[in-house]
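Asker: See run.csv below, with CSV, C-alpha atoms.
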chain,number,residue,atom,x,y,z
A,1013,MET,CA,64.4,78.6,88.1
A,1014,LYS,CA,64.7,74.9,87.3
A,1015,ILE,CA,68.0,73.2,87.9
A,1016,THR,CA,68.1,72.2,84.2
A,1017,SER,CA,67.8,75.8,83.1
A,1018,LEU,CA,70.3,76.9,85.6
A,1019,ARG,CA,72.9,74.4,84.3
A,1020,ASP,CA,72.0,75.5,80.7
A,1021,ALA,CA,72.6,79.1,81.7
A,1022,ILE,CA,75.9,78.3,83.4
A,1023,ILE,CA,77.3,76.4,80.4
A,1024,ASN,CA,75.9,78.6,77.6
A,1025,VAL,CA,75.8,82.1,79.2
A,1026,LEU,CA,78.2,82.4,82.2
A,1027,LEU,CA,81.1,80.2,81.0
A,1028,PRO,CA,81.4,81.9,77.5
A,1029,ILE,CA,81.4,85.3,79.2
A,1030,PHE,CA,83.9,84.2,81.7
A,1031,PHE,CA,86.3,82.8,79.0
A,1032,GLY,CA,85.8,85.8,76.8
A,1033,SER,CA,86.7,88.1,79.6
A,1034,LEU,CA,89.7,86.0,80.5
A,1035,ILE,CA,91.1,86.2,77.0
A,1036,TYR,CA,90.4,89.9,76.8
A,1037,PHE,CA,92.3,90.6,80.1
A,1038,ILE,CA,95.2,88.3,79.6
A,1039,ALA,CA,95.8,89.2,76.0
A,1040,PHE,CA,98.3,91.8,77.1
A,1041,ALA,CA,100.7,89.2,78.6
A,1042,VAL,CA,100.2,86.1,76.6
A,1043,ASP,CA,101.1,85.3,73.0
A,1044,ILE,CA,97.8,84.5,71.3
A,1045,ALA,CA,97.0,84.7,67.6
A,1046,PRO,CA,95.6,88.1,66.6
A,1047,SER,CA,92.4,86.7,65.3
A,1048,VAL,CA,91.7,84.9,68.5
A,1049,LYS,CA,92.6,87.9,70.7
A,1050,ASN,CA,90.5,90.3,68.7
A,1051,TYR,CA,87.5,88.2,67.8
A,1052,LEU,CA,87.0,85.2,70.1
A,1053,PRO,CA,85.8,87.3,73.1
A,1054,ASP,CA,83.3,88.9,70.8
A,1055,ALA,CA,82.2,85.5,69.5
A,1056,LEU,CA,81.7,84.2,73.0
A,1057,TRP,CA,79.8,87.4,74.0
A,1058,ALA,CA,77.4,86.9,71.0
A,1059,TYR,CA,77.0,83.2,71.7
A,1060,SER,CA,76.1,83.9,75.4
A,1061,LEU,CA,73.6,86.6,74.4
A,1062,VAL,CA,71.7,84.4,71.9
A,1063,SER,CA,71.8,81.6,74.5
A,1064,ALA,CA,70.4,83.8,77.2
A,1065,ILE,CA,67.5,84.9,75.0
A,1066,LEU,CA,66.8,81.3,74.0
A,1067,ILE,CA,66.9,80.1,77.7
A,1068,VAL,CA,64.5,82.9,78.8
A,1069,TRP,CA,62.1,81.6,76.2
A,1070,SER,CA,62.6,78.0,77.3
A,1071,ARG,CA,64.6,77.3,74.2
A,1072,LYS,CA,61.7,78.2,71.9
A,1073,ILE,CA,63.0,80.3,69.0
A,1074,GLU,CA,61.2,83.6,69.3
A,1075,VAL,CA,61.7,85.1,65.9
A,1076,PHE,CA,61.1,88.7,67.1
A,1077,TRP,CA,63.7,88.6,69.9
A,1078,ILE,CA,66.3,86.7,67.8
A,1079,THR,CA,65.8,89.2,65.0
A,1080,CYS,CA,66.2,92.1,67.5
A,1081,ILE,CA,69.7,91.0,68.5
A,1082,PHE,CA,70.8,90.6,64.9
A,1083,VAL,CA,69.5,94.1,64.1
A,1084,LEU,CA,70.9,95.7,67.3
A,1085,ALA,CA,74.3,94.1,66.6
A,1086,ALA,CA,74.4,95.6,63.1
A,1087,PHE,CA,73.1,99.0,64.5
A,1088,PHE,CA,75.7,99.2,67.2
A,1089,GLU,CA,78.6,98.3,64.9
A,1090,THR,CA,77.4,101.0,62.5
A,1091,VAL,CA,77.2,103.7,65.2
A,1092,GLN,CA,80.6,102.7,66.5
A,1093,TYR,CA,82.1,102.9,63.0
A,1094,PHE,CA,80.9,106.6,62.8
A,1095,ASN,CA,82.2,107.3,66.4
A,1096,LEU,CA,78.7,108.0,67.7
A,1097,PHE,CA,79.1,105.3,70.4
A,1098,PRO,CA,82.1,104.0,72.3
A,1099,GLY,CA,83.9,101.2,70.6
A,1100,THR,CA,85.5,100.2,67.3
A,1101,GLY,CA,83.2,99.5,64.4
A,1102,ASP,CA,84.5,96.6,62.5
A,1103,VAL,CA,82.8,94.6,59.8
A,1104,ILE,CA,84.6,91.4,60.8
A,1105,ASP,CA,83.1,91.9,64.3
A,1106,LEU,CA,79.7,91.9,62.7
A,1107,LEU,CA,80.4,88.7,60.8
A,1108,VAL,CA,81.7,87.1,64.0
A,1109,TYR,CA,78.5,88.1,65.9
A,1110,PHE,CA,76.2,86.8,63.2
A,1111,SER,CA,78.1,83.5,63.0
A,1112,SER,CA,78.0,83.1,66.8
A,1113,PHE,CA,74.2,83.9,66.8
A,1114,ALA,CA,73.8,81.2,64.1
A,1115,ILE,CA,75.8,78.7,66.1
A,1116,GLY,CA,73.7,79.3,69.2
A,1117,ILE,CA,70.5,78.8,67.2
A,1118,LEU,CA,71.8,75.7,65.5
A,1119,MET,CA,72.8,74.2,68.9
A,1120,ASN,CA,69.4,75.1,70.3
A,1121,ASN,CA,67.8,71.7,69.6
A,1122,PHE,CA,70.6,69.9,71.3
A,1123,PHE,CA,70.5,71.9,74.5
A,1124,ARG,CA,66.7,71.9,74.5
A,1125,LYS,CA,66.7,68.1,74.4
A,1126,ASN,CA,69.4,67.8,77.1
A,1127,PHE,CA,68.6,70.5,79.5
A,1128,GLN,CA,64.9,71.3,79.0
A,1129,ASN,CA,63.8,67.7,78.5
A,1130,LEU,CA,61.4,68.8,75.7
A,1131,LYS,CA,61.0,67.5,72.2
A,1132,PRO,CA,62.5,69.7,69.4
A,1133,HIS,CA,60.1,71.9,67.5
A,1134,LYS,CA,59.1,70.4,64.1
A,1135,HIS,CA,60.0,73.6,62.2
A,1136,GLU,CA,63.6,73.5,63.6
B,753,MET,CA,31.8,72.7,87.9
B,754,PHE,CA,33.3,75.2,90.2
B,755,LYS,CA,32.5,78.8,90.5
B,756,ILE,CA,35.2,81.2,89.4
B,757,ASN,CA,34.9,84.1,91.9
B,758,LYS,CA,36.3,87.6,91.5
B,759,ARG,CA,39.4,86.9,93.5
B,760,THR,CA,40.3,83.9,91.3
B,761,ASP,CA,39.6,86.0,88.2
B,762,LEU,CA,42.0,88.6,89.5
B,763,LEU,CA,44.7,86.0,90.3
B,764,VAL,CA,44.3,84.4,86.9
B,765,GLU,CA,44.6,87.9,85.2
B,766,VAL,CA,47.7,88.9,87.3
B,767,SER,CA,49.3,85.5,86.6
B,768,PHE,CA,48.6,85.8,82.9
B,769,PHE,CA,50.0,89.3,82.6
B,770,SER,CA,53.1,88.6,84.7
B,771,SER,CA,54.0,85.5,82.7
B,772,PHE,CA,53.2,87.5,79.5
B,773,PHE,CA,55.6,90.3,80.5
B,774,ARG,CA,58.2,88.3,82.4
B,775,SER,CA,60.1,86.8,79.5
B,776,ARG,CA,59.8,90.0,77.6
B,777,ILE,CA,61.2,92.0,80.5
B,778,TYR,CA,64.0,89.5,81.0
B,779,SER,CA,64.8,89.7,77.3
B,780,LEU,CA,64.9,93.5,77.3
B,781,PHE,CA,67.1,93.4,80.4
B,782,ILE,CA,69.5,90.9,78.9
B,783,ILE,CA,69.8,92.8,75.6
B,784,GLY,CA,70.3,96.1,77.5
B,785,ILE,CA,73.1,94.8,79.6
B,786,ALA,CA,74.7,92.9,76.8
B,787,PHE,CA,74.9,95.9,74.4
B,788,SER,CA,75.9,98.4,77.1
B,789,ILE,CA,79.0,96.3,77.9
B,790,SER,CA,79.8,95.5,74.3
B,791,GLY,CA,80.9,98.9,73.3
B,792,ASN,CA,83.8,99.1,75.7
B,793,ALA,CA,86.4,97.3,73.6
B,794,GLN,CA,88.9,100.0,72.9
B,795,LYS,CA,90.9,98.3,70.3
B,796,ILE,CA,94.0,99.6,68.6
B,797,ILE,CA,93.4,98.7,65.0
B,798,CYS,CA,95.7,98.4,62.1
B,799,GLY,CA,96.9,101.9,61.0
B,800,ASP,CA,96.4,103.6,64.4
B,801,ILE,CA,100.2,103.8,64.8
B,802,ASP,CA,102.0,105.0,61.7
B,803,HIS,CA,104.1,102.4,60.0
B,804,ASN,CA,105.6,102.0,56.6
B,805,GLY,CA,106.8,99.0,54.7
B,806,SER,CA,105.9,95.4,55.2
B,807,THR,CA,107.1,92.5,57.2
B,808,ALA,CA,106.3,90.0,54.5
B,809,ALA,CA,109.1,87.8,53.2
B,810,GLN,CA,111.8,90.2,52.1
B,811,ARG,CA,115.3,90.3,50.7
B,812,PHE,CA,118.1,92.7,51.6
B,813,THR,CA,121.5,93.3,50.2
B,814,SER,CA,124.3,95.7,51.1
B,815,SER,CA,127.9,96.1,50.1
B,816,ASP,CA,128.6,96.9,53.8
B,817,SER,CA,128.2,93.8,55.9
B,818,SER,CA,127.8,95.8,59.1
B,819,GLN,CA,124.4,96.9,57.7
B,820,ILE,CA,122.9,93.4,57.8
B,821,TYR,CA,123.0,90.9,60.6
B,822,VAL,CA,120.9,88.2,62.3
B,823,GLU,CA,120.9,88.0,66.1
B,824,LEU,CA,120.7,84.5,67.5
B,825,ASN,CA,118.9,83.6,70.7
B,826,ASN,CA,122.2,83.5,72.5
B,827,GLY,CA,122.9,87.1,71.5
B,828,ARG,CA,125.6,86.3,68.9
B,829,LYS,CA,125.3,88.3,65.7
B,830,ILE,CA,125.9,86.9,62.2
B,831,TYR,CA,126.9,89.6,59.7
B,832,GLY,CA,126.4,89.3,56.0
B,833,LYS,CA,125.9,91.1,52.7
B,834,SER,CA,122.6,89.5,51.8
B,835,LEU,CA,119.6,88.5,53.9
B,836,ALA,CA,116.3,86.8,52.9
B,837,VAL,CA,113.3,86.0,55.0
B,838,ILE,CA,111.7,83.0,53.4
B,839,ASP,CA,108.1,81.7,54.0
B,840,GLN,CA,107.9,78.2,52.8
B,841,ASN,CA,105.3,75.5,53.6
B,842,LEU,CA,104.1,77.5,56.6
B,843,LYS,CA,107.7,77.6,58.0
B,844,THR,CA,109.6,80.8,58.2
B,845,ARG,CA,113.4,80.7,57.7
B,846,ILE,CA,116.0,83.3,57.4
B,847,LYS,CA,119.1,83.1,55.2
B,848,ILE,CA,122.1,85.3,55.7
B,849,ASP,CA,124.6,84.8,52.9
B,850,ASP,CA,124.8,81.0,52.7
B,851,THR,CA,123.6,80.3,56.2
B,852,LEU,CA,120.1,79.1,56.5
B,853,LEU,CA,118.4,79.4,60.0
B,854,ASN,CA,115.1,78.5,61.4
B,855,ILE,CA,113.2,81.5,62.6
B,856,LYS,CA,113.0,80.1,66.1
B,857,GLU,CA,116.8,80.1,66.4
B,858,THR,CA,116.9,83.9,66.1
B,859,ARG,CA,116.0,86.8,68.2
B,860,GLY,CA,115.7,89.1,65.2
B,861,TYR,CA,117.6,90.8,62.4
B,862,TYR,CA,118.8,94.2,61.3
B,863,ALA,CA,118.8,95.3,57.7
B,864,ASN,CA,119.6,98.6,56.2
B,865,GLY,CA,118.7,100.7,59.2
B,866,VAL,CA,115.6,98.8,60.4
B,867,LEU,CA,115.4,96.4,63.2
B,868,TYR,CA,113.1,93.4,63.2
B,869,ALA,CA,112.3,91.3,66.2
B,870,ARG,CA,110.9,87.8,66.3
B,871,ILE,CA,107.5,87.4,67.8
B,872,GLY,CA,107.5,84.1,69.6
B,873,GLY,CA,105.0,81.3,70.2
B,874,ALA,CA,103.2,79.4,67.5
B,875,TYR,CA,102.9,82.4,65.2
B,876,SER,CA,106.6,83.0,64.7
B,877,THR,CA,107.2,85.9,62.4
B,878,TYR,CA,109.2,89.1,62.5
B,879,ALA,CA,107.8,92.4,63.6
B,880,GLN,CA,109.4,95.7,62.3
B,881,ARG,CA,110.4,98.3,64.8
B,882,VAL,CA,108.6,101.5,64.0
B,883,ILE,CA,109.3,103.5,67.1
B,884,SER,CA,112.6,103.4,69.1
B,885,GLY,CA,113.2,104.6,72.6
B,886,LYS,CA,112.3,103.7,76.2
B,887,ILE,CA,109.3,102.1,74.6
B,888,ASN,CA,109.9,100.4,71.3
B,889,ILE,CA,106.9,99.7,69.2
B,890,TYR,CA,106.9,97.0,66.6
B,891,TRP,CA,104.4,96.2,63.9
B,892,ALA,CA,103.7,92.9,62.1
B,893,ASP,CA,101.2,92.1,59.5
B,894,TYR,CA,99.3,88.8,59.3
B,895,SER,CA,97.9,88.3,55.8
B,896,ASN,CA,95.5,85.4,55.1
B,897,GLN,CA,95.0,84.9,51.4
B,898,PRO,CA,92.6,82.1,50.7
B,899,ASN,CA,92.3,81.2,47.0
B,900,GLN,CA,89.1,80.0,45.4
B,901,ALA,CA,88.7,78.7,41.9
B,902,ASN,CA,85.5,79.3,40.1
B,903,ALA,CA,84.8,76.0,38.2
B,904,ARG,CA,82.3,77.6,35.8
B,905,ASN,CA,84.6,79.9,34.1
B,906,SER,CA,88.0,78.6,35.4
B,907,THR,CA,88.8,81.9,36.9
B,908,ALA,CA,90.8,81.8,40.1
B,909,PHE,CA,90.2,84.8,42.4
B,910,THR,CA,91.8,85.6,45.6
B,911,TYR,CA,90.7,87.6,48.6
B,912,ALA,CA,92.9,88.7,51.4
B,913,PHE,CA,92.1,89.3,55.1
B,914,VAL,CA,94.8,91.5,56.4
B,915,ASP,CA,95.3,91.8,60.1
B,916,CYS,CA,98.2,93.6,61.7
B,917,MET,CA,99.4,93.7,65.3
B,918,TYR,CA,101.4,96.1,67.3
B,919,TYR,CA,103.9,95.1,70.0
B,920,ALA,CA,105.5,97.1,72.7
B,921,GLN,CA,108.9,96.5,74.3
B,922,LYS,CA,109.9,98.5,77.4
B,923,GLY,CA,113.7,98.3,77.2
B,924,ASP,CA,115.7,96.8,74.3
B,925,SER,CA,116.1,93.4,75.9
B,926,ALA,CA,112.6,93.0,77.3
B,927,GLU,CA,110.0,90.7,75.9
B,928,LEU,CA,107.7,92.0,73.2
B,929,ILE,CA,104.1,92.2,74.5
B,930,SER,CA,101.1,92.7,72.2
B,931,LEU,CA,99.5,96.1,72.2
B,932,THR,CA,95.8,95.6,71.4
B,933,THR,CA,93.8,98.2,73.4
B,934,PHE,CA,94.1,101.8,74.6
B,935,LYS,CA,94.1,100.4,78.1
B,936,HIS,CA,97.3,98.6,77.3
B,937,LEU,CA,98.9,101.8,76.0
B,938,LYS,CA,97.7,103.7,79.1
B,939,GLU,CA,99.4,101.1,81.3
B,940,LEU,CA,102.7,101.5,79.4
B,941,VAL,CA,102.8,105.3,79.7
B,942,LYS,CA,101.3,105.7,83.2
B,943,ASP,CA,104.4,107.2,84.7
B,944,CYS,CA,104.5,110.1,82.3
B,945,PRO,CA,101.7,112.5,83.1
B,946,LYS,CA,101.8,114.2,79.8
B,947,SER,CA,101.4,111.0,77.8
B,948,LEU,CA,98.9,109.7,80.3
B,949,SER,CA,96.7,112.8,79.9
B,950,MET,CA,96.5,112.1,76.2
B,951,ILE,CA,95.4,108.5,76.5
B,952,ASP,CA,93.3,108.7,79.7
B,953,LYS,CA,90.2,109.7,77.9
B,954,SER,CA,87.0,108.0,76.7
B,955,ASP,CA,87.2,105.8,73.7
B,956,LYS,CA,85.2,108.2,71.6
B,957,GLU,CA,87.6,111.1,72.4
B,958,ILE,CA,90.7,109.0,71.5
B,959,ARG,CA,89.1,107.8,68.3
B,960,GLN,CA,88.2,111.4,67.4
B,961,ALA,CA,91.8,112.5,68.2
B,962,ILE,CA,93.2,109.8,65.9
B,963,LYS,CA,90.8,110.8,63.2
B,964,ASN,CA,92.0,114.4,63.5
B,965,ASN,CA,95.7,113.5,63.8
B,966,SER,CA,96.8,110.1,62.5
B,967,SER,CA,100.0,110.4,64.5
B,968,TYR,CA,98.2,110.8,67.8
B,969,LEU,CA,99.2,107.5,69.3
B,970,LYS,CA,102.7,107.9,68.0
B,971,GLU,CA,103.0,111.3,69.7
B,972,ILE,CA,101.9,109.8,73.0
B,973,ILE,CA,104.8,107.3,72.8
B,974,SER,CA,107.3,109.9,71.5
B,975,ILE,CA,106.5,112.1,74.5
B,976,TYR,CA,107.2,109.2,76.8
B,977,ASN,CA,110.4,108.4,75.0
B,978,SER,CA,111.6,112.0,75.2
B,979,ASP,CA,111.6,111.9,79.0
B,980,CYS,CA,108.0,113.1,79.1
B,981,GLN,CA,108.8,116.5,77.4
Represent the structure contained in this file as structure tokens.

Answerer:
Amino acid sequence: MKITSLRDAIINVLLPIFFGSLIYFIAFAVDIAPSVKNYLPDALWAYSLVSAILIVWSRKIEVFWITCIFVLAAFFETVQYFNLFPGTGDVIDLLVYFSSFAIGILMNNFFRKNFQNLKPHKHE
Amino acid sequence: MFKINKRTDLLVEVSFFSSFFRSRIYSLFIIGIAFSISGNAQKIICGDIDHNGSTAAQRFTSSDSSQIYVELNNGRKIYGKSLAVIDQNLKTRIKIDDTLLNIKETRGYYANGVLYARIGGAYSTYAQRVISGKINIYWADYSNQPNQANARNSTAFTYAFVDCMYYAQKGDSAELISLTTFKHLKELVKDCPKSLSMIDKSDKEIRQAIKNNSSYLKEIISIYNSDCQ
């Protein structure tokens, strides 16, 4: 793997997961706003997921795979809501996921230019 | 012009298929891992522990001044016959008779049989005690009510996002700590085997138990508070 992609993966995949996990595990002992405690780890998870997909595809937006993660996020929240799968189905979680996916996609050009040294796609 | 022999053909084909599949396999792997770990958030959501009433700005009066008091940070209690919690310009104050105090000067207040404790930090507000005992459970609601005016027909409409939080306190003078997941609750009751057996289950089983019995989590804590009986 290229050094540039590795740095991209560390910043946009590993660090968000690390901070999300940190918030999740220290939430018990530290006074953090409920919204942050409940939703920021999920937002960071979603951002790292969309970033991982984008990095695998060298920061080209593959519509099929990006659509997959949107559809799967909606599917899993639905099955959690009906207790068919472990977790707590929550519509705000879904909004948070979609917003984080969108942020990852919107930031794609920036990271593509700085880490992949490639020109942005015209359709972006 | 060079000759492409069979070996080169094979290498080109293998190379093509491996690059064709590589990104797809990586993508499938990433998605599989991501969604398999995402379902493990065992959150305690609003309503999982029975509570009544509201912690919004309130007023209390009583003819008996022993029924209403504010406890300051130094432990001193100020008794009175009327108490009001006032939210004004993002600041919360508490007024007992004619004395106006900043919320951060207080530890909590007691009004007509119900105890309220201050939740500290930047989000100072009061949480209502809903369960008393070795483990006290408090509940506070956080309501965000954005307003939006519709310019076309001059109708203002509001929508509210209501979030509520539970807090646990092990001992009356201990710090309140937030109770957000089943794992936190399990940690609290781990020295009571009976309570532990009720919470030491999969998220799906606990959710089903709560669905069948809305007081399920309350019972876990009540058993702990009753010396594990």

Asker: Could you work out how far CA of Phe1113 in chain A lies from CA of Lys1072 in chain A, giving the answer in Å with one decimal?

Answerer: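 Distance between the two atoms: 14.7 Å.
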
Asker: Rank B:Thr933, B:Thr851, B:Thr813, B:Gln921 by their smallest atom-to-atom distance to chain A, using all atoms listed in the file, and report the top residue only.

Answerer: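 Selected residue with least distance to chain A: B:Thr933.
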
Asker: Enter the distance from CA of Lys795 in chain B to CA of Asp839 in chain B, in Å, rounded to one decimal.

Answerer: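 Distance reported for this atom pair: 28.9 Å.
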
Asker: Write out as number ranges by chain which residues come within 10 Å of Ser1070 in chain A when counting only C-alpha atoms, dropping same-chain ones fewer than 3 positions away.

Answerer: A: 1017, 1064-1067, 1073-1074, 1124, 1127-1128, 1130; B: 775

Asker: When you look at range 965-979 of chain B with a cut-off of 10 Å (counting all atoms listed in the file), what residues show up, excluding the ones that are within fewer than 3 positions of it in the same chain? I need them as a PyMOL selection string.

Answerer: chain B and resi 796+799-803+882-889+934+937-938+940-951+958-962

Asker: Calculated over all atoms listed in the file, which of the candidates B:Arg881, B:Asp924, B:Lys856, B:Ser876 has the smallest distance to chain A?

Answerer: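 Of all the options, B:Ser876 lies closest to chain A.
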
Asker: Measuring atom to atom with all atoms listed in the file, identify which of B:Lys847, B:Lys935, B:Arg811, B:Arg776 is nearest to Ser954 in chain B.

Answerer: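 That would be B:Lys935, the residue with the smallest distance to Ser954 in chain B.
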
Asker: One number please: CA of Phe1088 in chain A to CA of Lys953 in chain B, in Å, one decimal.

Answerer: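 CA of Lys953 in chain B lies at a distance of 20.9 Å from CA of Phe1088 in chain A.
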
Asker: Contacts of Tyr1109 in chain A at 10 Å or less, counting all atoms listed in the file, minus same-chain residues fewer than 5 places along, as a list of chain:residue names?

Answerer: A:Tyr1051, A:Leu1052, A:Asp1054, A:Ala1055, A:Leu1056, A:Trp1057, A:Ala1058, A:Tyr1059, A:Leu1061, A:Val1062, A:Ile1081, A:Phe1082, A:Ala1085, A:Ala1086, A:Val1103, A:Ile1104, A:Ala1114, A:Ile1115

Asker: Using all atoms listed in the file, which residue out of B:Arg774, B:Lys829, B:Arg870, B:Lys922 lies closest to chain A?

Answerer: B:Arg774

Asker: Enclose range 773-777 of chain B, meaning all of its atoms listed in the file, in a box aligned along x, y and z, pad it by 6 Å on each side, and list the centre and edge lengths in Å to one decimal, as JSON.

Answerer:
{"center_x": 58.4, "center_y": 89.4, "center_z": 80.0, "size_x": 17.6, "size_y": 17.2, "size_z": 16.8}

Asker: Measuring between only C-alpha atoms, which one of A:Phe1123, A:Val1068, A:Val1108, A:Val1083 shows the shortest distance to Ile1023 in chain A?

Answerer: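 So, comparing all the options, the nearest one is A:Phe1123.
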
Asker: Would you please work out which residue, of A:Leu1027, A:Leu1084, A:Val1048, A:Leu1018, is nearest to chain B when using all atoms listed in the file?

Answerer: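 Using all atoms listed in the file, the shortest distance to chain B belongs to A:Leu1084.
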
Asker: Kindly complete range 840-855 of chain B to N, CA and C atoms; the output should be written as a compact mmCIF listing (two decimals), in the frame of the given file.

Answerer:
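The result, stored in rebuild39.txt:
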# COMPACT_ATOMS: atom_id res chain seq x y z
N GLN B 840 108.05 79.34 53.67
CA GLN B 840 107.90 78.20 52.80
C GLN B 840 107.19 77.09 53.55
N ASN B 841 106.08 76.62 52.98
CA ASN B 841 105.30 75.50 53.60
C ASN B 841 105.01 75.84 55.07
N LEU B 842 104.51 77.04 55.31
CA LEU B 842 104.10 77.50 56.60
C LEU B 842 105.29 77.61 57.62
N LYS B 843 106.53 77.46 57.11
CA LYS B 843 107.70 77.60 58.00
C LYS B 843 108.43 78.88 57.54
N THR B 844 108.87 79.64 58.50
CA THR B 844 109.60 80.80 58.20
C THR B 844 111.11 80.56 58.46
N ARG B 845 111.94 80.85 57.47
CA ARG B 845 113.40 80.70 57.70
C ARG B 845 114.05 82.00 57.28
N ILE B 846 115.28 82.13 57.74
CA ILE B 846 116.00 83.30 57.40
C ILE B 846 117.41 82.89 56.89
N LYS B 847 117.81 83.49 55.78
CA LYS B 847 119.10 83.10 55.20
C LYS B 847 119.97 84.33 55.11
N ILE B 848 121.11 84.23 55.73
CA ILE B 848 122.10 85.30 55.70
C ILE B 848 123.32 84.79 54.99
N ASP B 849 123.62 85.37 53.86
CA ASP B 849 124.60 84.80 52.90
C ASP B 849 124.29 83.38 52.64
N ASP B 850 125.15 82.44 53.01
CA ASP B 850 124.80 81.00 52.70
C ASP B 850 124.31 80.27 53.93
N THR B 851 124.09 80.98 55.02
CA THR B 851 123.60 80.30 56.20
C THR B 851 122.12 80.36 56.35
N LEU B 852 121.52 79.17 56.44
CA LEU B 852 120.10 79.10 56.50
C LEU B 852 119.68 78.76 57.98
N LEU B 853 118.82 79.57 58.57
CA LEU B 853 118.40 79.40 60.00
C LEU B 853 116.92 79.26 60.08
N ASN B 854 116.51 78.51 61.09
CA ASN B 854 115.10 78.50 61.40
C ASN B 854 114.75 79.74 62.18
N ILE B 855 113.59 80.29 61.96
CA ILE B 855 113.20 81.50 62.60
C ILE B 855 113.33 81.42 64.15
